[in-house]
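K.L.:
Here you go, one structure.
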Amino acid sequence: MNAATKTSTIRGRALSTDVWETLKKNRAAFVATLLLAVMSVMVVVAPILSPYAFDATDFDRISVGPSLSTLHLFGTDALGRDLFVRTMYGGRISLMVGLVATAVSLVIGIAWGATAGFIGGRSDHVMMRIVDVLYAMPFMFFVILLMVFFGRSIVLIFVAIGAINWLDMARIVRGQTLSLKEKEFVEAARAGGVSNVKIVLHHIVPNLLGVVAVYVTLTIPQVILVESFLSFLGLGVQEPMTSWGALVNEGAQEMETAPWMLIFPGAFLATTLFCLNFIGDGLRDALDPRDRSN
Amino acid sequence: MADAVLEVQSLNVRFTTPDGPVQAVRNLEFRVNPGETLGIVGESGSGKSQTALAIMGLLAANGRADGSARFKGDELIGLSDGDMNRVRGAQISMVFQDPMTSLNPYLTVGNQMRHVLQRHLGLSRGEALRHARTMLEMVRISEAERRLAMYPHELSGGMRQRVMIAMALSCRPGLLIADEPTTALDVTVQAQILKLMRELKSEFNTSILLITHDMGVVAGNADSVLVMRDGECREYGSVDKVFYKPADDYTRALLAAVPRLDEAMPERLATVSAPPTELGAEIAAVEKPRTNHAARQLLTVDGLGVRFRVAQPGLFARAQSLVAVDDVSFELAAGETLGVVGESGCGKSSLARAVLQLIPTASGRVCLLGRDLEQLARRELKNMRRDMQVIFQDPQASLDPRMTVAQIVGEPLNTFRPDLGQPERNERILSVLLRVGLAAEHLNRYPHEFSGGQAQRIGIARALMFDPQLIVCDEPVSALDVSIQAQIINLLMDLQVERGLSLIFIAHDLAVVRHISHRVMVMYLGRAVEVADRQSLYEHPRHPYTLALINAVPIPDPVVERSRQQQPLSGDLPSPLEPPSGCGFRTRCPHAIQRCADERPLLRPVGKSLVACHRAEEIE
């Protein structure tokens, strides 16, 4: 076989397909991914199938337990609202906060941290001191300020949480970048005339992904919890709209009389967090070619 | 014959790994007599270190040893940890390869030594410290009292290894196991440590198990030799028998693969396993005598200087300036190889990076093909990079672990020929890969799937992509096994003949440099101390440092080693932050006079060489 025909038979390997193949072999991560996907579809589709609206009161059945006959699958709350539909609606908010806020922190954090670490020297100092100053700002004060100036909106919560979380991400990424840029393969790329932007994009960022993936799966739960904390203070989503955090909070108060109000939203929240942890572990291994089994 | 200190019979070491059981040591048998040194030689992965760890009961958790290892008649294999602890340190002690990682960085030297003595000899704190001091003096450490209060990082590498040896010998063990004790050290320091070990051996009458990959170290230090490969004993006998009448093919191949300082050079180094055959035919077709035609000048380096700013502790302390390369000039013709040798910290790697404009230069000029690289605009410099490439020391570290071989080797194409289509790209990538002895099925693999030698071939393929004029090789073979080293050197020499490449070949191994270079530059503390063509440098070294370097290289020949004058250079490399005045070498030079401290010697012609020494004519 000559060289030309041989090359055509060998196809390149793409990172994404490689990662997916490896992830599939990790059973825990694979099941977790499926479960998370099912829940995501559920929170979008399920409310449409239920006869109840999330903010409508069923005056005949206030605070009743789960029952198939009434179609209140998860029961109702103290105001007679259907808990199943509310849990699904809460899931929309919580998952969206988790994704959007994490994505915001991911983009800003990686860009900022990788730039600071790669340039180094004085720019690094200045950029990281800015991070320090932002760290020193009280989070609550920052959120209240935003609320006062821009009024309440869900989008603002996403931005506020993301804007706080990127600080950690930036620090982690910068530290990794500092050690990565001393590696010989980066020097080899420089000797090969590769531009700095391309070195960061092609060599530094892919090698950061393992750490970032783990950190992201820790961030999403954290963000979901922060949102529920804000809701608890009355700064987050407002009634009648709800989130898992808010539902758990309400449920905790009615724990003795109506335990289902805590159990169902709590179970969804806990399952999501578990799934994310397993996926994070799996992703870290899948992203590292050295750990992929041949 | 007296009873053996250590007698090993049918020793097996197995590891359980996720990929199934791995047998690291197979049916090994040997004995060490009182006062004898047994050298165990082998390449990486041959099981030589695992043998030592099995004897000491220090195998990793997934390892199991069976068979028999008797120390003065007592069985060691299968001993409980508690019983073993009474043997370890007191009766058998061990010196490891890297003295930095085997000393606890948080304990002073005195405290570390004290613990061992208090534990095994039951001495009081004061007695133990006094004994530790005597031990430090035994291993020829000056100012022993002061050193006891120092932390490991405050000592030089050679000094740390001396401390390790002092610690190992402090309880007068019957057997000392030295696992690559000098591999991490510079060649002059290696000579000091080996000499010390020989002296201490006769003083203490300790038996030594010397584990090493270096045939030269074995030749001068061992009484008998065991050659290992893949966990098996390939040859076992007295040192003279193994070196002069090797019975095994592998031993013969191993000996032939080592470039020697004291012999006429073969055109190509013998390799243990020959490279792919179709390659050999290809090479034979282009084989030409390795002579250096008076070719055009490719590279001119003039008065090059490199400085680093070293931050000092404290908020307002001024950063100190470290001169890594100081006023170095040389020229390189097309098709020529310049070898650069020197011990670690002499500035050879900084020189390489400065020539390639990877780090900023403080002074001087680098002209490639008549163009001053520093005057070039960024875009022009980028285009010049096609002509100057680099090969690094650690082949794995120089390849991005998240890229496939095709992506790594093809990266220069992205930079310089983004217009190429996929088929054309693949064809070019494949053709360089084939040239360096790799195959098409390697294209989609990741770097960690390759051995060190193959990974270095990938690095060479990347450097070759655009047919560069100059390749700077920064210690390209020092991380590789002897047999692999020979293959890579042969490949580089073939490529040079084939493509008229110029090479700057940086190494600390003088024998390798002698083999590949036309001219050699010796560096010390950032300065060139001697530049000469290969023959004059090795046959008539003019600078005392060159002479010391050459004398320090162990030669894989027991008779030669025994008859050699062992006068290793004393002391360590001075700190480059506070270089001595005048001649940098004067603090270790046996010929230093007042003038050497007052006046810095410049490179000047002496005989056929350029030498920076005031007394070059008087010494010989």
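Please note that chains go A, B, ... in the order of the structure tokens, that every chain numbers its residues from 1, and that ligands are numbered from 1 in the order shown.
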Taking only C-alpha atoms into account, find every residue of chain A that has an atom no more than 6 Å from chain B, and write it out as a PyMOL selection string.
P.N.:
chain A and resi 184-185+193
K.L.:
Name the residues in contact with stretch 106-117 of chain A at a cut-off of 8 Å, using only C-alpha atoms, excluding same-chain residues fewer than 6 positions from it; report them as a list in words.
P.N.:
Ser123, Asp124, His125, Met127, Met128, Trp166, Leu167, Asp168, Met169, Ala170, Arg171, Ile172, Val173, Arg174, Gly175, Thr177, Leu178, Val200, Ile204, Val205 and Val216 of chain A
K.L.:
Write to file, as a compact mmCIF listing (two decimals), in the first residue's frame, the residues of the selection just made, with N, CA and C atoms.
P.N.:
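out-v5.txt, written as the output of this step:
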```txt
# COMPACT_ATOMS: atom_id res chain seq x y z
N SER A 123 1.56 42.51 34.12
CA SER A 123 0.14 42.38 33.75
C SER A 123 -0.54 41.37 34.66
N ASP A 124 0.18 40.28 34.92
CA ASP A 124 -0.35 39.24 35.79
C ASP A 124 -0.66 39.83 37.16
N HIS A 125 0.31 40.60 37.68
CA HIS A 125 0.13 41.21 38.99
C HIS A 125 -1.12 42.07 39.02
N MET A 127 -3.70 42.16 36.98
CA MET A 127 -4.96 41.44 36.76
C MET A 127 -5.38 40.66 38.00
N MET A 128 -4.41 40.07 38.68
CA MET A 128 -4.80 39.28 39.85
C MET A 128 -5.15 40.18 41.04
N TRP A 166 -16.58 33.74 38.78
CA TRP A 166 -15.44 33.65 37.88
C TRP A 166 -14.12 33.93 38.60
N LEU A 167 -14.21 34.54 39.78
CA LEU A 167 -12.97 34.87 40.49
C LEU A 167 -12.21 33.60 40.85
N ASP A 168 -12.92 32.62 41.42
CA ASP A 168 -12.27 31.35 41.76
C ASP A 168 -11.69 30.69 40.52
N MET A 169 -12.54 30.68 39.48
CA MET A 169 -12.12 30.05 38.23
C MET A 169 -10.84 30.70 37.71
N ALA A 170 -10.81 32.03 37.74
CA ALA A 170 -9.64 32.74 37.22
C ALA A 170 -8.39 32.35 38.00
N ARG A 171 -8.52 32.24 39.31
CA ARG A 171 -7.35 31.89 40.12
C ARG A 171 -6.84 30.49 39.79
N ILE A 172 -7.78 29.56 39.70
CA ILE A 172 -7.38 28.18 39.41
C ILE A 172 -6.71 28.10 38.04
N VAL A 173 -7.34 28.73 37.05
CA VAL A 173 -6.82 28.67 35.69
C VAL A 173 -5.44 29.34 35.61
N ARG A 174 -5.29 30.46 36.31
CA ARG A 174 -4.01 31.15 36.26
C ARG A 174 -2.90 30.25 36.82
N GLY A 175 -3.18 29.62 37.95
CA GLY A 175 -2.16 28.76 38.55
C GLY A 175 -1.74 27.65 37.61
N THR A 177 -2.04 27.64 34.37
CA THR A 177 -1.37 28.21 33.20
C THR A 177 0.09 28.50 33.50
N LEU A 178 0.34 29.03 34.70
CA LEU A 178 1.72 29.35 35.06
C LEU A 178 2.60 28.12 34.94
N VAL A 200 -2.18 29.72 23.44
CA VAL A 200 -3.16 29.68 24.53
C VAL A 200 -4.35 28.81 24.12
N ILE A 204 -2.61 25.58 25.80
CA ILE A 204 -2.88 25.84 27.22
C ILE A 204 -4.31 25.40 27.57
N VAL A 205 -5.30 25.94 26.85
CA VAL A 205 -6.69 25.68 27.24
C VAL A 205 -7.03 24.18 27.21
N VAL A 216 -16.07 22.91 37.32
CA VAL A 216 -17.41 23.27 36.83
C VAL A 216 -18.47 22.43 37.52
```
K.L.:
Which residues, written as a count of residues only, have at least one atom at most 8 Å from A:Ile263, with only C-alpha atoms counted and residues fewer than 4 positions away on the same chain left out?
P.N.:
3
K.L.:
Give the strand (DSSP E) residues of stretch 453-596 of chain B, as assigned by DSSP on the backbone, as a ChimeraX atom specification.
P.N.:
/B:470-474,502-507,519-524,527-533
K.L.:
Restrict the selected residues to N, CA and C atoms and save them as a compact mmCIF listing (two decimals), in the first residue's frame.
P.N.:
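Contents of the output file out.txt:
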```txt
# COMPACT_ATOMS: atom_id res chain seq x y z
N LEU B 470 19.04 24.71 10.46
CA LEU B 470 19.70 24.58 11.76
C LEU B 470 18.76 23.89 12.74
N ILE B 471 19.28 22.87 13.41
CA ILE B 471 18.50 22.29 14.51
C ILE B 471 19.34 22.39 15.78
N VAL B 472 18.75 22.99 16.80
CA VAL B 472 19.41 23.05 18.09
C VAL B 472 18.90 21.87 18.91
N CYS B 473 19.81 20.99 19.30
CA CYS B 473 19.42 19.81 20.06
C CYS B 473 19.84 20.02 21.51
N ASP B 474 18.86 20.20 22.38
CA ASP B 474 19.17 20.45 23.79
C ASP B 474 19.12 19.12 24.54
N SER B 502 22.77 21.85 9.80
CA SER B 502 23.72 22.23 10.83
C SER B 502 23.10 21.92 12.19
N LEU B 503 23.93 21.42 13.09
CA LEU B 503 23.40 21.07 14.41
C LEU B 503 24.19 21.79 15.50
N ILE B 504 23.46 22.28 16.48
CA ILE B 504 24.11 22.65 17.74
C ILE B 504 23.69 21.57 18.70
N PHE B 505 24.63 20.79 19.17
CA PHE B 505 24.32 19.61 19.96
C PHE B 505 24.77 19.83 21.39
N ILE B 506 23.80 20.02 22.27
CA ILE B 506 24.12 20.31 23.66
C ILE B 506 24.01 19.03 24.47
N ALA B 507 25.00 18.75 25.29
CA ALA B 507 24.94 17.54 26.10
C ALA B 507 25.91 17.68 27.25
N ARG B 519 33.07 20.30 15.83
CA ARG B 519 33.77 21.17 16.76
C ARG B 519 33.05 21.13 18.10
N VAL B 520 33.77 21.45 19.15
CA VAL B 520 33.18 21.37 20.49
C VAL B 520 33.49 22.64 21.25
N MET B 521 32.49 23.13 21.96
CA MET B 521 32.68 24.28 22.83
C MET B 521 32.41 23.82 24.26
N VAL B 522 33.35 24.13 25.16
CA VAL B 522 33.18 23.77 26.57
C VAL B 522 32.77 25.03 27.32
N MET B 523 31.70 24.94 28.08
CA MET B 523 31.23 26.11 28.83
C MET B 523 31.37 25.90 30.32
N TYR B 524 31.67 27.01 31.01
CA TYR B 524 31.71 26.97 32.47
C TYR B 524 31.19 28.30 32.98
N ARG B 527 30.42 31.06 30.44
CA ARG B 527 31.42 31.48 29.48
C ARG B 527 31.97 30.28 28.72
N ALA B 528 32.40 30.54 27.50
CA ALA B 528 33.08 29.51 26.74
C ALA B 528 34.53 29.47 27.23
N VAL B 529 35.00 28.32 27.72
CA VAL B 529 36.38 28.26 28.20
C VAL B 529 37.30 27.61 27.18
N GLU B 530 36.73 26.81 26.27
CA GLU B 530 37.57 26.23 25.23
C GLU B 530 36.71 25.90 24.02
N VAL B 531 37.22 26.28 22.85
CA VAL B 531 36.54 25.92 21.61
C VAL B 531 37.60 25.31 20.70
N ALA B 532 37.33 24.12 20.20
CA ALA B 532 38.34 23.47 19.36
C ALA B 532 37.67 22.44 18.49
N ASP B 533 38.35 22.01 17.44
CA ASP B 533 37.77 20.91 16.69
C ASP B 533 37.89 19.67 17.55
```
K.L.:
With only C-alpha atoms as the counted atoms, please give the residues lying no more than 12 Å from A:Phe30, apart from itself and same-chain residues fewer than 6 positions off, as a ChimeraX atom specification.
P.N.:
/A:19-24,36-37,275-283,286
K.L.:
Could you take the residues named above and write them with C-alpha atoms, as a compact mmCIF listing (two decimals), in the first residue's frame?
P.N.:
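The resulting file, out07.txt, is reproduced below:
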```txt
# COMPACT_ATOMS: atom_id res chain seq x y z
CA VAL A 19 -14.26 12.01 25.05
CA TRP A 20 -17.74 10.66 24.40
CA GLU A 21 -16.41 7.16 23.71
CA THR A 22 -14.49 7.12 26.98
CA LEU A 23 -17.34 8.62 28.95
CA LYS A 24 -19.62 5.86 27.71
CA LEU A 36 -29.53 14.47 33.95
CA ALA A 37 -30.74 14.51 30.36
CA CYS A 275 -25.14 13.34 38.70
CA LEU A 276 -22.94 16.38 38.24
CA ASN A 277 -20.29 14.95 40.53
CA PHE A 278 -20.16 11.66 38.65
CA ILE A 279 -20.06 13.45 35.31
CA GLY A 280 -17.25 15.66 36.57
CA ASP A 281 -15.17 12.67 37.59
CA GLY A 282 -15.84 10.93 34.30
CA LEU A 283 -15.07 14.04 32.28
CA ALA A 286 -12.10 11.26 29.57
```
K.L.:
Can you measure atom CA of A:Asp285 to atom CA of B:Pro18 for me? One decimal in Å is fine.
P.N.:
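So the two atoms, atom CA of A:Asp285 and atom CA of B:Pro18, lie 15.6 Å apart.
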K.L.:
Which neighbours of stretch 575-590 of chain B fall inside 6 Å, counting only C-alpha atoms, when residues of the same chain fewer than 3 positions from it are skipped, and could you give them as a PyMOL selection string?
P.N.:
chain B and resi 322+596-600
K.L.:
List the neighbours of B:Phe71 out to 8 Å using only C-alpha atoms; skip same-chain residues closer than 4 positions along the sequence, and give me the result as a list in words.
P.N.:
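Returned residues: Ala4, Val5, Leu6, Glu7, Glu75 and Leu76 of chain B.
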K.L.:
Mind writing the picked residues with C-alpha atoms as a PDB file, in the first residue's frame?
P.N.:
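Heads up, here's the output in out-v3.pdb:
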```pdb
ATOM      1  CA  ALA B   4      27.880 -14.470  51.574  1.00  0.00           C
ATOM      2  CA  VAL B   5      26.540 -11.189  52.926  1.00  0.00           C
ATOM      3  CA  LEU B   6      23.571 -11.477  50.632  1.00  0.00           C
ATOM      4  CA  GLU B   7      22.435 -14.546  48.825  1.00  0.00           C
ATOM      5  CA  GLU B  75      15.689 -14.777  55.270  1.00  0.00           C
ATOM      6  CA  LEU B  76      14.433 -11.318  54.252  1.00  0.00           C
TER       7      LEU B  76
END
```
K.L.:
Stretch 17-260 of chain B: which residues are alpha helix (DSSP H) by DSSP, as a VMD selection string?
P.N.:
chain B and resid 48 to 56 81 to 87 109 to 121 125 to 138 144 to 148 157 to 169 187 to 204 215 to 221 239 to 244 249 to 257
K.L.:
Using only C-alpha atoms, which of B:Leu117, B:Val32, B:Ala61, B:Val227 sits nearest B:Gly47?
P.N.:
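Ranking B:Leu117, B:Val32, B:Ala61, B:Val227 by distance to B:Gly47, first place goes to B:Val227.
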K.L.:
Just want the 9 Å neighbourhood of stretch 223-228 of chain A, counted on only C-alpha atoms, with same-chain residues fewer than 4 positions away dropped. Output as a VMD selection string.
P.N.:
chain A and resid 94 to 95 97 to 99 101 to 102 157 to 158 161 to 162 165 218 to 219 232 to 233 235 to 237 243 to 249 269
K.L.:
Measuring between only C-alpha atoms, which one of B:Gly500, B:Asp3, B:Arg542, B:Gly452 shows the shortest distance to B:Ser483?
P.N.:
B:Gly452
K.L.:
In Å to one decimal, how far is atom CA of B:Thr17 from atom CA of B:Ser478?
P.N.:
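Interatomic distance here is 29.2 Å.
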